[in-house]
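Peer 1: Enclosed is the structure file protein-v5.csv (CSV, C-alpha atoms).
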```
chain,number,residue,atom,x,y,z
A,1,MET,CA,0.0,0.0,0.0
A,2,ALA,CA,1.4,3.4,-1.1
A,3,GLU,CA,2.1,5.9,1.7
A,4,LEU,CA,1.3,9.6,1.7
A,5,THR,CA,4.2,12.0,2.2
A,6,ALA,CA,4.6,13.7,5.6
A,7,LEU,CA,3.3,17.0,4.1
A,8,GLU,CA,0.2,15.4,2.6
A,9,SER,CA,-0.5,13.5,5.8
A,10,LEU,CA,-0.4,16.7,7.8
A,11,ILE,CA,-2.7,18.5,5.3
A,12,GLU,CA,-5.0,15.5,5.4
A,13,MET,CA,-5.2,15.8,9.2
A,14,GLY,CA,-6.4,19.4,8.9
A,15,PHE,CA,-3.2,21.4,9.4
A,16,PRO,CA,-2.7,24.4,7.0
A,17,ARG,CA,-0.2,23.8,4.3
A,18,GLY,CA,2.1,26.7,5.3
A,19,ARG,CA,2.1,25.6,8.9
A,20,ALA,CA,2.8,22.0,8.0
A,21,GLU,CA,5.7,23.0,5.7
A,22,LYS,CA,7.2,25.2,8.4
A,23,ALA,CA,6.9,22.3,11.0
A,24,LEU,CA,8.7,19.9,8.7
A,25,ALA,CA,11.4,22.4,7.8
A,26,LEU,CA,12.2,23.3,11.4
A,27,THR,CA,12.3,19.7,12.6
A,28,GLY,CA,14.7,18.7,9.8
A,29,ASN,CA,12.1,16.5,8.1
A,30,GLN,CA,12.6,13.9,10.8
A,31,GLY,CA,9.1,12.5,10.4
A,32,ILE,CA,5.5,13.3,11.0
A,33,GLU,CA,5.6,12.7,14.7
A,34,ALA,CA,8.4,15.3,15.2
A,35,ALA,CA,6.4,17.7,13.0
A,36,MET,CA,3.2,17.1,15.0
A,37,ASP,CA,5.0,17.7,18.3
A,38,TRP,CA,6.3,21.0,17.0
A,39,LEU,CA,2.8,22.0,15.7
A,40,MET,CA,1.2,21.2,19.1
A,41,GLU,CA,3.9,23.1,21.1
A,42,HIS,CA,3.8,26.2,18.9
A,43,GLU,CA,0.1,26.3,17.9
A,44,ASP,CA,-0.4,29.4,20.1
A,45,ASP,CA,2.6,31.3,18.9
A,46,PRO,CA,1.7,34.6,17.2
A,47,ASP,CA,4.1,33.9,14.3
A,48,VAL,CA,3.2,30.3,13.7
A,49,ASP,CA,1.6,31.1,10.3
A,50,GLU,CA,4.4,33.3,9.1
A,51,PRO,CA,6.2,31.8,6.0
A,52,LEU,CA,9.7,30.3,6.5
A,53,ALA,CA,12.3,30.4,3.7
A,54,ALA,CA,13.6,26.9,3.6
A,55,PRO,CA,15.6,24.7,1.1
A,56,LEU,CA,13.6,22.9,-1.5
A,57,GLY,CA,13.5,19.2,-1.9
A,58,HIS,CA,12.8,16.5,0.6
A,59,ILE,CA,13.1,19.0,3.4
A,60,LEU,CA,9.6,20.1,2.7
A,61,GLY,CA,8.3,16.6,2.4
A,62,ARG,CA,8.0,16.4,-1.4
A,63,GLU,CA,10.0,14.8,-4.3
A,64,PRO,CA,12.5,17.1,-6.1
A,65,THR,CA,11.6,18.1,-9.7
A,66,PRO,CA,13.7,16.9,-12.6
A,67,SER,CA,15.1,20.5,-12.9
A,68,GLU,CA,16.1,20.4,-9.2
A,69,GLN,CA,17.9,17.1,-9.8
A,70,GLY,CA,20.2,18.8,-12.4
A,71,GLY,CA,19.1,16.7,-15.4
A,72,PRO,CA,16.8,17.2,-18.4
A,73,GLU,CA,13.2,16.4,-18.0
A,74,GLY,CA,12.5,12.7,-18.8
A,75,THR,CA,16.0,11.5,-17.7
A,76,GLY,CA,16.8,9.5,-14.6
A,77,PRO,CA,15.5,6.3,-13.2
A,78,ALA,CA,12.2,7.8,-12.0
A,79,ALA,CA,11.5,10.0,-15.0
A,80,GLY,CA,8.9,7.8,-16.5
A,81,GLU,CA,7.4,6.6,-13.4
A,82,GLY,CA,4.2,8.2,-12.1
A,83,LYS,CA,3.4,8.8,-8.5
A,84,PRO,CA,1.3,5.9,-6.9
A,85,ILE,CA,-2.3,6.9,-6.5
A,86,LEU,CA,-4.0,5.8,-3.2
A,87,SER,CA,-7.5,4.4,-3.3
A,88,GLU,CA,-10.2,6.0,-1.3
A,89,GLU,CA,-10.1,3.1,1.3
A,90,GLU,CA,-6.3,3.4,1.6
A,91,ARG,CA,-6.5,7.1,2.0
A,92,GLN,CA,-9.2,6.8,4.8
A,93,GLU,CA,-7.1,4.1,6.6
A,94,GLN,CA,-4.0,6.3,6.5
A,95,THR,CA,-6.0,9.3,7.7
A,96,LYS,CA,-7.4,7.2,10.5
A,97,ARG,CA,-3.9,6.3,11.6
A,98,MET,CA,-2.8,9.9,11.5
A,99,LEU,CA,-5.8,11.0,13.5
A,100,GLU,CA,-5.1,8.3,16.1
A,101,LEU,CA,-1.6,9.6,16.3
A,102,VAL,CA,-2.8,13.2,16.7
A,103,ALA,CA,-5.2,12.1,19.6
A,104,GLN,CA,-2.3,10.2,21.3
A,105,LYS,CA,-0.1,13.3,21.0
A,106,GLN,CA,-2.9,15.4,22.4
A,107,ARG,CA,-3.4,13.0,25.4
A,108,GLU,CA,0.3,13.1,26.1
A,109,ARG,CA,0.3,16.8,26.0
A,110,GLU,CA,-2.7,17.0,28.4
A,111,GLU,CA,-1.0,14.6,30.8
A,112,ARG,CA,2.2,16.6,30.7
A,113,GLU,CA,0.3,19.8,31.4
A,114,GLU,CA,-1.6,18.1,34.2
A,115,ARG,CA,1.7,17.0,35.8
A,116,GLU,CA,3.1,20.5,35.5
A,117,ALA,CA,0.0,21.9,37.1
A,118,LEU,CA,0.3,19.4,40.0
A,119,GLU,CA,3.9,20.4,40.4
A,120,ARG,CA,3.0,24.1,40.4
A,121,GLU,CA,0.3,23.4,43.1
A,122,ARG,CA,2.8,21.5,45.2
A,123,GLN,CA,5.3,24.4,45.0
A,124,ARG,CA,2.5,26.9,45.9
A,125,ARG,CA,1.6,24.8,48.9
A,126,ARG,CA,5.2,24.4,50.0
A,127,GLN,CA,5.8,28.2,49.6
A,128,GLY,CA,2.6,28.8,51.7
A,129,GLN,CA,3.8,26.5,54.4
A,130,GLU,CA,7.2,28.2,54.5
A,131,LEU,CA,5.5,31.6,54.6
A,132,SER,CA,3.3,30.5,57.5
A,133,ALA,CA,6.3,29.1,59.4
A,134,ALA,CA,8.1,32.4,58.9
A,135,ARG,CA,5.1,34.3,60.1
A,136,GLN,CA,4.8,32.1,63.2
A,137,ARG,CA,8.6,32.5,64.0
A,138,LEU,CA,8.1,36.3,63.7
A,139,GLN,CA,5.2,36.2,66.1
A,140,GLU,CA,7.2,34.1,68.6
A,141,ASP,CA,10.1,36.6,68.4
A,142,GLU,CA,7.7,39.5,69.0
A,143,MET,CA,6.2,37.7,72.0
A,144,ARG,CA,9.6,36.9,73.4
A,145,ARG,CA,10.7,40.5,73.0
A,146,ALA,CA,7.5,41.7,74.7
A,147,ALA,CA,8.1,39.3,77.6
A,148,GLU,CA,11.7,40.6,77.9
A,149,GLU,CA,10.4,44.2,77.9
A,150,ARG,CA,7.9,43.4,80.7
A,151,ARG,CA,10.7,41.7,82.8
A,152,ARG,CA,12.9,44.7,82.2
A,153,GLU,CA,10.2,47.2,83.3
A,154,LYS,CA,9.4,45.1,86.3
A,155,ALA,CA,13.1,45.1,87.3
A,156,GLU,CA,13.3,48.8,86.8
A,157,GLU,CA,10.2,49.3,89.0
A,158,LEU,CA,11.6,47.1,91.8
A,159,ALA,CA,14.9,49.1,91.5
A,160,ALA,CA,13.0,52.4,91.8
A,161,ARG,CA,11.1,51.2,94.8
A,162,GLN,CA,14.4,50.1,96.4
A,163,ARG,CA,15.8,53.6,95.8
A,164,VAL,CA,12.7,55.2,97.4
A,165,ARG,CA,13.1,53.0,100.5
A,166,GLU,CA,16.8,53.9,100.7
A,167,LYS,CA,15.9,57.5,100.3
A,168,ILE,CA,13.4,57.2,103.2
A,169,GLU,CA,16.0,55.5,105.4
A,170,ARG,CA,18.5,58.3,104.6
A,171,ASP,CA,15.8,60.9,105.3
A,172,LYS,CA,15.0,59.3,108.6
A,173,ALA,CA,18.6,59.2,109.6
A,174,GLU,CA,19.1,62.9,108.6
A,175,ARG,CA,16.0,64.0,110.5
A,176,ALA,CA,17.1,62.0,113.6
A,177,LYS,CA,20.5,63.7,113.4
A,178,LYS,CA,18.9,67.1,112.9
A,179,TYR,CA,16.5,66.8,115.8
A,180,GLY,CA,19.1,65.3,118.2
A,181,GLY,CA,18.0,61.7,118.0
A,182,SER,CA,14.6,62.5,119.3
A,183,VAL,CA,12.8,61.0,116.3
A,184,GLY,CA,11.2,57.8,117.2
A,185,SER,CA,12.3,58.1,120.9
A,186,GLN,CA,9.2,59.9,122.1
A,187,PRO,CA,7.5,57.7,124.7
A,188,SER,CA,4.3,56.3,123.5
A,189,PRO,CA,1.3,56.9,125.7
A,190,PRO,CA,0.4,54.0,128.0
A,191,THR,CA,-2.3,51.9,126.8
A,192,THR,CA,-4.9,50.5,129.1
A,193,GLU,CA,-6.1,47.1,128.4
A,194,PRO,CA,-9.9,47.0,128.3
A,195,GLY,CA,-11.6,44.7,130.7
A,196,PRO,CA,-13.3,41.6,129.5
A,197,VAL,CA,-16.6,42.3,127.8
A,198,PRO,CA,-19.3,39.8,128.3
A,199,SER,CA,-20.0,38.1,125.0
A,200,SER,CA,-23.5,37.5,123.9
A,201,PRO,CA,-24.2,34.2,122.4
A,202,SER,CA,-26.7,35.7,120.0
A,203,GLN,CA,-24.4,38.5,118.7
A,204,GLU,CA,-21.0,38.2,117.2
A,205,PRO,CA,-18.6,41.2,116.7
A,206,PRO,CA,-18.4,42.3,113.0
A,207,THR,CA,-15.2,41.3,111.2
A,208,LYS,CA,-13.0,44.3,110.3
A,209,ARG,CA,-12.0,44.4,106.6
A,210,GLU,CA,-8.3,44.5,105.9
A,211,TYR,CA,-7.0,46.7,103.1
A,212,ASP,CA,-3.7,46.2,101.3
A,213,GLN,CA,-3.5,49.6,99.7
A,214,CYS,CA,-4.7,53.2,100.4
A,215,ARG,CA,-5.2,56.1,98.1
A,216,ILE,CA,-3.8,59.4,99.4
A,217,GLN,CA,-4.6,62.8,98.0
A,218,VAL,CA,-2.3,65.7,99.0
A,219,ARG,CA,-3.4,69.3,98.6
A,220,LEU,CA,-0.5,71.7,98.1
A,221,PRO,CA,-0.5,75.3,99.2
A,222,ASP,CA,-0.7,76.6,95.6
A,223,GLY,CA,-4.1,74.9,95.2
A,224,THR,CA,-2.9,71.9,93.2
A,225,SER,CA,-3.1,68.3,94.5
A,226,LEU,CA,-1.1,65.1,94.1
A,227,THR,CA,-2.7,61.7,94.2
A,228,GLN,CA,-0.9,58.4,94.7
A,229,THR,CA,-1.6,54.8,95.9
A,230,PHE,CA,0.6,53.5,98.7
A,231,ARG,CA,0.7,50.1,100.5
A,232,ALA,CA,-1.2,50.1,103.7
A,233,ARG,CA,1.9,49.1,105.7
A,234,GLU,CA,4.1,51.9,104.3
A,235,GLN,CA,5.1,54.6,106.7
A,236,LEU,CA,3.8,58.2,106.5
A,237,ALA,CA,7.4,59.2,105.6
A,238,ALA,CA,6.9,57.6,102.2
A,239,VAL,CA,4.0,60.1,101.5
A,240,ARG,CA,6.1,63.0,102.7
A,241,LEU,CA,9.0,61.9,100.5
A,242,TYR,CA,6.7,61.5,97.5
A,243,VAL,CA,5.3,65.1,98.0
A,244,GLU,CA,8.9,66.5,98.4
A,245,LEU,CA,9.9,64.9,95.1
A,246,HIS,CA,6.9,65.9,93.1
A,247,ARG,CA,5.9,69.4,94.4
A,248,GLY,CA,6.9,72.4,92.4
A,249,GLU,CA,9.1,75.3,93.3
A,250,GLU,CA,7.6,77.3,96.1
A,251,PRO,CA,7.4,81.1,95.7
A,252,GLY,CA,10.6,82.7,96.8
A,253,GLY,CA,12.5,79.5,96.6
A,254,CYS,CA,11.2,78.1,99.9
A,255,GLN,CA,11.9,74.4,100.3
A,256,ASP,CA,11.2,73.8,104.0
A,257,PRO,CA,10.4,70.2,105.1
A,258,VAL,CA,6.8,69.2,104.3
A,259,GLN,CA,4.4,69.4,107.3
A,260,LEU,CA,1.4,67.2,106.7
A,261,LEU,CA,-2.1,67.8,108.2
A,262,SER,CA,-5.2,65.7,108.1
A,263,GLY,CA,-8.3,67.3,106.8
A,264,PHE,CA,-11.0,66.1,109.2
A,265,PRO,CA,-10.5,65.8,112.1
A,266,ARG,CA,-7.8,68.5,112.0
A,267,ARG,CA,-4.5,67.0,113.1
A,268,ALA,CA,-0.8,67.8,112.5
A,269,PHE,CA,1.4,64.8,112.1
A,270,SER,CA,4.6,64.8,114.2
A,271,GLU,CA,8.0,63.3,113.4
A,272,ALA,CA,7.1,60.3,115.4
A,273,ASP,CA,4.0,59.8,113.2
A,274,MET,CA,6.3,59.6,110.2
A,275,GLU,CA,7.5,56.3,111.4
A,276,ARG,CA,4.1,54.8,111.8
A,277,PRO,CA,2.3,52.9,109.0
A,278,LEU,CA,-0.6,54.4,107.1
A,279,GLN,CA,-2.9,51.7,108.3
A,280,GLU,CA,-2.1,52.5,112.0
A,281,LEU,CA,-2.8,56.2,111.4
A,282,GLY,CA,-6.3,55.5,110.1
A,283,LEU,CA,-5.5,56.7,106.5
A,284,VAL,CA,-6.8,53.4,104.9
A,285,PRO,CA,-8.4,52.9,102.4
A,286,SER,CA,-8.3,56.6,101.4
A,287,ALA,CA,-7.5,59.9,102.9
A,288,VAL,CA,-7.0,63.6,102.1
A,289,LEU,CA,-3.9,65.3,103.5
A,290,ILE,CA,-2.9,69.0,103.5
A,291,VAL,CA,0.5,70.5,103.2
A,292,ALA,CA,1.0,73.3,105.7
A,293,LYS,CA,2.5,76.5,104.4
A,294,LYS,CA,5.5,77.5,106.4
A,295,CYS,CA,7.4,80.0,104.3
A,296,PRO,CA,6.3,83.6,104.6
A,297,SER,CA,4.2,84.8,101.8
```
In structure tokens, write the structure found in this file.
Peer 2:
Amino acid sequence: MAELTALESLIEMGFPRGRAEKALALTGNQGIEAAMDWLMEHEDDPDVDEPLAAPLGHILGREPTPSEQGGPEGTGPAAGEGKPILSEEERQEQTKRMLELVAQKQREREEREEREALERERQRRRQGQELSAARQRLQEDEMRRAAEERRREKAEELAARQRVREKIERDKAERAKKYGGSVGSQPSPPTTEPGPVPSSPSQEPPTKREYDQCRIQVRLPDGTSLTQTFRAREQLAAVRLYVELHRGEEPGGCQDPVQLLSGFPRRAFSEADMERPLQELGLVPSAVLIVAKKCPS
């Protein structure tokens, strides 16, 4: 059975003549399969239908003419031979084989594209996982830095409290030296122990609530006020030191020691009271104190 040339086979399968000639030329006339592979890979190229200047002869899938063979017409072994003519049944059979080959090539191309799509999806997921891991590491670093910052602030706060306590101790020592060691040496008034109170079985004494902190508001001579929260067991000297550190400049440059007074009932706190805790002085849970003005106006 006579075979069609590669060019004729491609045209029979529906490819344009110019595109088929170009595919055969660019694949070196290596066969119809190579040409079909090229056509499928470049079918979407914008210049796929542009003509290509290529050598004549078998490179385009056709027999050379007598003039191309360099001899006069009618000479040569094939000069008198005609080209075999395929019957309609042979042509249909050959076209069927070519179409099956085209379908196979199409399936191979689709499978290749599917594999490439799966690989791209795997890469996309892998990149997403790497990005998520990097974001999680960044969040962990931020949380660790925040924890370190909180620890540092807490350490600074503890150091500041220690400095305040040391300042109070130095202030106490200086005041004791200034007043001749009389601070804290004043005798406390004798306390009389109350006699036993008969208890009633039907009535129990109310429980007194214990407070850990107290809120102190201090009114300054210039009309402004300071508010701060202290521990209930801190001494009154801590309040005085706080006022001395945060009050503004007095008119005339007066910086006498702060004298604290209670609002109601009216009471002036002594140096001995400075050593007593706020809870014992009845300033818990809150109280308003007044700074007495000593400097002349």
Peer 1: For a test of reading the model, state the distance in Å between atom CA of Glu244 of chain A and atom CA of Val218 of chain A, rounded to one decimal.
Peer 2: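 So the answer is 11.2 Å.
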Peer 1: So which one's closest to Leu245 of chain A, A:Leu289, A:Leu260, A:Ala232, A:Val164? Using only C-alpha atoms, please.
Peer 2: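 So, comparing all the options, the nearest one is A:Val164.
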Peer 1: In Å to one decimal, how far is atom CA of Arg209 of chain A from atom CA of Glu271 of chain A?
Peer 2: 28.3 Å
Peer 1: For a test of reading the model, state the distance in Å between atom CA of Thr27 of chain A and atom CA of Glu113 of chain A, rounded to one decimal.
Peer 2: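 Interatomic distance, atom CA of Thr27 of chain A to atom CA of Glu113 of chain A: 22.3 Å.
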Peer 1: Ile11 of chain A: which residues within 12 Å, counting all atoms listed in the file, same-chain residues fewer than 3 positions away excluded, as a PyMOL selection string?
Peer 2: chain A and resi 4-8+14-21+23-24+32+35-36+61+95+98-99
